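These notes are about the structure you will find just below.
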Amino acid sequence: MFMMHDNPCLQCGACCAAFRVSFFNGEADPNLGGVVPESLTEDLTPHICCMKGTNQSKPYCIALAGKVGVEVRCAIYERRSSTCRGFGFHPTDGMFVADLDEVRRCNKARKACNLPPLKVKNLAAL
Ligand code: SF4
Ligand code: SF4
């Protein structure tokens with residue numbers, strides 16, 4: 001596992017501006033208990049939708065506010081999808097922790113946004 005003392009996401013946002021952010025469309029259907037604002041999604045298949053703006057050659061989620069690499073926030077943070085909730089660094093014991101695969105994907109997104117790799121510490125080496 002890898003950790004950072006400060007939340008790297010607040011000054012990043014690269015994953016919201018580099019990948020297609022898709023999920024089960026029931027997450028945007030209030031009749032099924034979904035909370036993601038449906039108007040901010042678009043259909044990909046009969047059962048899968050994505051955040052508007054992310055299904056294009058240069059993705060940029062419609063809900064991403066601020067400036068990537070400087071200061072960002074998710075305009076629907078409390079209502080974001082399971083895909084968004086599951087990705088990246090997770091607050092744990094006062095730190096922000098991710099596994100190797102997540103760090104690699106973060107850095108892939110950051111590279112796509114012309115940002116340098118994260119400076120993470122390897123918990124196993126501490
Ligand atoms: S790419 Fe990683 S560090 Fe950047 S906002 Fe996404 S989860 Fe956070
Ligand atoms: S909904 Fe929020 S967390 Fe998810 S991709 Fe868009 S801006 Fe990022």
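Just remember, in the structure tokens the first chain shown is A, the second B, etc., residues are 1-based per chain, and ligands are 1-based in the order shown.
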### Query
Got a sec to tell me which of chain A DSSP assigns to strand (DSSP E), as number ranges by chain?
A: 2-4, 22-24, 41-43, 48-51, 64-67, 71-74, 90-92, 95-98, 121-122
### Query
Counting only C-alpha atoms, what is within 12 Å of A:Val21, bar same-chain residues fewer than 2 positions away, as a PyMOL selection string?
chain A and resi 15-19+23-25+40-44+48-56+59-64+80-87
Please produce a file of the residues just selected, as a short mmCIF file (atom, residue, chain, number, x, y, z; two decimals), in the first residue's frame, where the atoms kept are N, CA, C and O atoms.
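And here is the file that came out, out_28.cif:
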```cif
data_model
loop_
_atom_site.label_atom_id
_atom_site.label_comp_id
_atom_site.auth_asym_id
_atom_site.auth_seq_id
_atom_site.Cartn_x
_atom_site.Cartn_y
_atom_site.Cartn_z
N CYS A 15 -8.17 12.10 -12.76
CA CYS A 15 -8.99 10.94 -13.14
C CYS A 15 -10.35 11.36 -13.67
O CYS A 15 -10.98 10.62 -14.43
N CYS A 16 -10.81 12.54 -13.31
CA CYS A 16 -12.09 13.07 -13.80
C CYS A 16 -11.92 13.73 -15.16
O CYS A 16 -12.89 14.18 -15.77
N ALA A 17 -10.68 13.83 -15.62
CA ALA A 17 -10.38 14.51 -16.87
C ALA A 17 -9.49 13.65 -17.77
O ALA A 17 -8.76 14.18 -18.61
N ALA A 18 -9.53 12.32 -17.54
CA ALA A 18 -8.68 11.45 -18.35
C ALA A 18 -9.38 10.14 -18.74
O ALA A 18 -8.98 9.51 -19.71
N PHE A 19 -10.37 9.72 -17.96
CA PHE A 19 -11.00 8.42 -18.20
C PHE A 19 -12.50 8.56 -18.49
O PHE A 19 -13.13 9.55 -18.08
N PHE A 23 -20.78 3.45 -15.20
CA PHE A 23 -21.36 2.72 -14.07
C PHE A 23 -22.76 2.23 -14.44
O PHE A 23 -23.32 2.66 -15.48
N PHE A 24 -23.31 1.35 -13.63
CA PHE A 24 -24.67 0.82 -13.82
C PHE A 24 -25.66 1.99 -13.81
O PHE A 24 -25.64 2.81 -12.88
N ASN A 25 -26.52 2.02 -14.84
CA ASN A 25 -27.39 3.20 -14.93
C ASN A 25 -28.45 3.28 -13.83
O ASN A 25 -29.07 4.33 -13.65
N LEU A 40 -26.85 14.55 -15.67
CA LEU A 40 -25.41 14.68 -15.87
C LEU A 40 -24.80 13.42 -16.45
O LEU A 40 -23.56 13.30 -16.53
N THR A 41 -25.66 12.46 -16.83
CA THR A 41 -25.15 11.20 -17.38
C THR A 41 -25.63 11.03 -18.82
O THR A 41 -26.55 11.70 -19.26
N GLU A 42 -24.97 10.12 -19.52
CA GLU A 42 -25.44 9.74 -20.85
C GLU A 42 -25.36 8.22 -20.98
O GLU A 42 -24.48 7.58 -20.37
N ASP A 43 -26.27 7.65 -21.76
CA ASP A 43 -26.32 6.20 -21.91
C ASP A 43 -25.19 5.70 -22.81
O ASP A 43 -24.87 6.30 -23.84
N LEU A 44 -24.60 4.57 -22.40
CA LEU A 44 -23.62 3.88 -23.24
C LEU A 44 -24.21 2.60 -23.81
O LEU A 44 -24.01 2.28 -24.97
N ILE A 48 -25.60 0.48 -18.93
CA ILE A 48 -24.42 1.23 -18.49
C ILE A 48 -24.51 2.67 -18.99
O ILE A 48 -24.83 2.92 -20.16
N CYS A 49 -24.23 3.60 -18.09
CA CYS A 49 -24.16 5.01 -18.49
C CYS A 49 -22.80 5.56 -18.06
O CYS A 49 -22.00 4.87 -17.42
N CYS A 50 -22.55 6.79 -18.41
CA CYS A 50 -21.30 7.42 -17.96
C CYS A 50 -21.59 8.88 -17.65
O CYS A 50 -22.64 9.43 -18.02
N MET A 51 -20.65 9.50 -16.95
CA MET A 51 -20.78 10.93 -16.69
C MET A 51 -20.61 11.68 -18.01
O MET A 51 -19.71 11.38 -18.80
N LYS A 52 -21.49 12.64 -18.26
CA LYS A 52 -21.36 13.47 -19.45
C LYS A 52 -19.97 14.11 -19.48
O LYS A 52 -19.47 14.55 -18.44
N GLY A 53 -19.43 14.15 -20.66
CA GLY A 53 -18.12 14.77 -20.84
C GLY A 53 -16.97 13.78 -20.79
O GLY A 53 -15.87 14.11 -21.21
N THR A 54 -17.25 12.56 -20.27
CA THR A 54 -16.14 11.61 -20.14
C THR A 54 -16.08 10.62 -21.30
O THR A 54 -15.11 9.88 -21.40
N ASN A 55 -17.10 10.60 -22.15
CA ASN A 55 -17.10 9.66 -23.29
C ASN A 55 -16.66 10.39 -24.55
O ASN A 55 -17.37 10.48 -25.54
N GLN A 56 -15.47 10.94 -24.49
CA GLN A 56 -14.94 11.68 -25.64
C GLN A 56 -13.42 11.56 -25.63
O GLN A 56 -12.83 11.12 -24.63
N PRO A 59 -11.54 13.45 -22.30
CA PRO A 59 -12.61 13.45 -21.29
C PRO A 59 -12.49 14.62 -20.33
O PRO A 59 -11.39 15.09 -20.01
N TYR A 60 -13.64 15.09 -19.87
CA TYR A 60 -13.68 16.10 -18.80
C TYR A 60 -15.07 16.03 -18.19
O TYR A 60 -16.05 16.44 -18.81
N CYS A 61 -15.16 15.49 -17.02
CA CYS A 61 -16.47 15.27 -16.40
C CYS A 61 -17.22 16.59 -16.20
O CYS A 61 -16.65 17.58 -15.72
N ILE A 62 -18.48 16.56 -16.53
CA ILE A 62 -19.32 17.75 -16.41
C ILE A 62 -19.41 18.24 -14.97
O ILE A 62 -19.67 19.42 -14.72
N ALA A 63 -19.18 17.34 -14.01
CA ALA A 63 -19.32 17.71 -12.59
C ALA A 63 -18.00 18.19 -11.97
O ALA A 63 -17.97 18.53 -10.79
N LEU A 64 -16.95 18.21 -12.76
CA LEU A 64 -15.66 18.63 -12.21
C LEU A 64 -15.56 20.15 -12.20
O LEU A 64 -15.65 20.80 -13.25
N ARG A 80 -21.92 11.25 -6.07
CA ARG A 80 -21.10 10.65 -7.14
C ARG A 80 -21.30 9.14 -7.18
O ARG A 80 -21.75 8.53 -6.21
N SER A 81 -20.93 8.57 -8.31
CA SER A 81 -21.18 7.14 -8.55
C SER A 81 -20.23 6.24 -7.75
O SER A 81 -19.22 6.70 -7.21
N SER A 82 -20.55 4.95 -7.76
CA SER A 82 -19.68 3.97 -7.10
C SER A 82 -18.31 3.94 -7.77
O SER A 82 -17.29 3.68 -7.11
N THR A 83 -18.28 4.19 -9.07
CA THR A 83 -17.00 4.22 -9.78
C THR A 83 -16.11 5.32 -9.22
O THR A 83 -14.92 5.11 -8.97
N CYS A 84 -16.70 6.49 -9.01
CA CYS A 84 -15.93 7.61 -8.46
C CYS A 84 -15.52 7.32 -7.01
O CYS A 84 -14.39 7.61 -6.61
N ARG A 85 -16.45 6.77 -6.25
CA ARG A 85 -16.15 6.49 -4.84
C ARG A 85 -15.04 5.45 -4.69
O ARG A 85 -14.24 5.50 -3.75
N GLY A 86 -15.00 4.52 -5.64
CA GLY A 86 -14.06 3.41 -5.49
C GLY A 86 -12.66 3.72 -5.97
O GLY A 86 -11.73 2.98 -5.67
N PHE A 87 -12.50 4.79 -6.73
CA PHE A 87 -11.20 5.03 -7.36
C PHE A 87 -10.28 5.89 -6.51
O PHE A 87 -10.71 6.85 -5.88
#
```
### Task
Excluding A:Cys9 and any residue of its chain fewer than 4 positions from it, enumerate the residues within 9 Å of it, using only C-alpha atoms, and give them as number ranges by chain.
A: 13-14, 69, 71-73, 88-89
Deliver the residues from the most recent selection as a file, using C-alpha atoms, as a PDB file, in the first residue's frame.
```pdb
ATOM      1  CA  GLY A  13      -8.703  15.910 -10.530  1.00  0.00           C
ATOM      2  CA  ALA A  14      -6.864  14.098 -13.306  1.00  0.00           C
ATOM      3  CA  GLY A  69      -3.721  20.246 -11.188  1.00  0.00           C
ATOM      4  CA  GLU A  71      -7.619  23.116  -7.139  1.00  0.00           C
ATOM      5  CA  VAL A  72     -10.642  20.968  -7.931  1.00  0.00           C
ATOM      6  CA  ARG A  73     -13.829  19.692  -6.397  1.00  0.00           C
ATOM      7  CA  GLY A  88      -7.987   6.416  -6.007  1.00  0.00           C
ATOM      8  CA  PHE A  89      -6.904   7.419  -2.527  1.00  0.00           C
TER       9      PHE A  89
END
```
### Length of the atom CA of A:Val68 to atom CA of A:Thr92 vector [Å]
24.2 Å
### Message
Using only C-alpha atoms, which protein or nucleic acid residues come within 8 Å of A:Asn107? Drop anything in the same chain fewer than 2 positions from it, and give the result as JSON, numbers by chain.
### Response
{"A": [103, 104, 105, 109, 110, 111, 116, 117, 118]}
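Restricting the calculation to only C-alpha atoms and all ligand atoms, the smallest distance between ligand 2 and any of A:Ala75, A:Val97, A:Leu123, A:Leu10 is found for A:Ala75.
Restricting the calculation to only C-alpha atoms and all ligand atoms, the smallest distance between ligand 1 and any of A:Cys12, A:Met3, A:Ala124, A:Gly33 is found for A:Cys12.
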### Task
Name the residues of chain A that fall into helix (DSSP H, G or I) according to DSSP on the backbone, using the chain letters and numbers of this document, as a PyMOL selection string.
chain A and resi 8-11+14-17+25-28+30-32+38-40+77-79+82-86+100-112+123-125
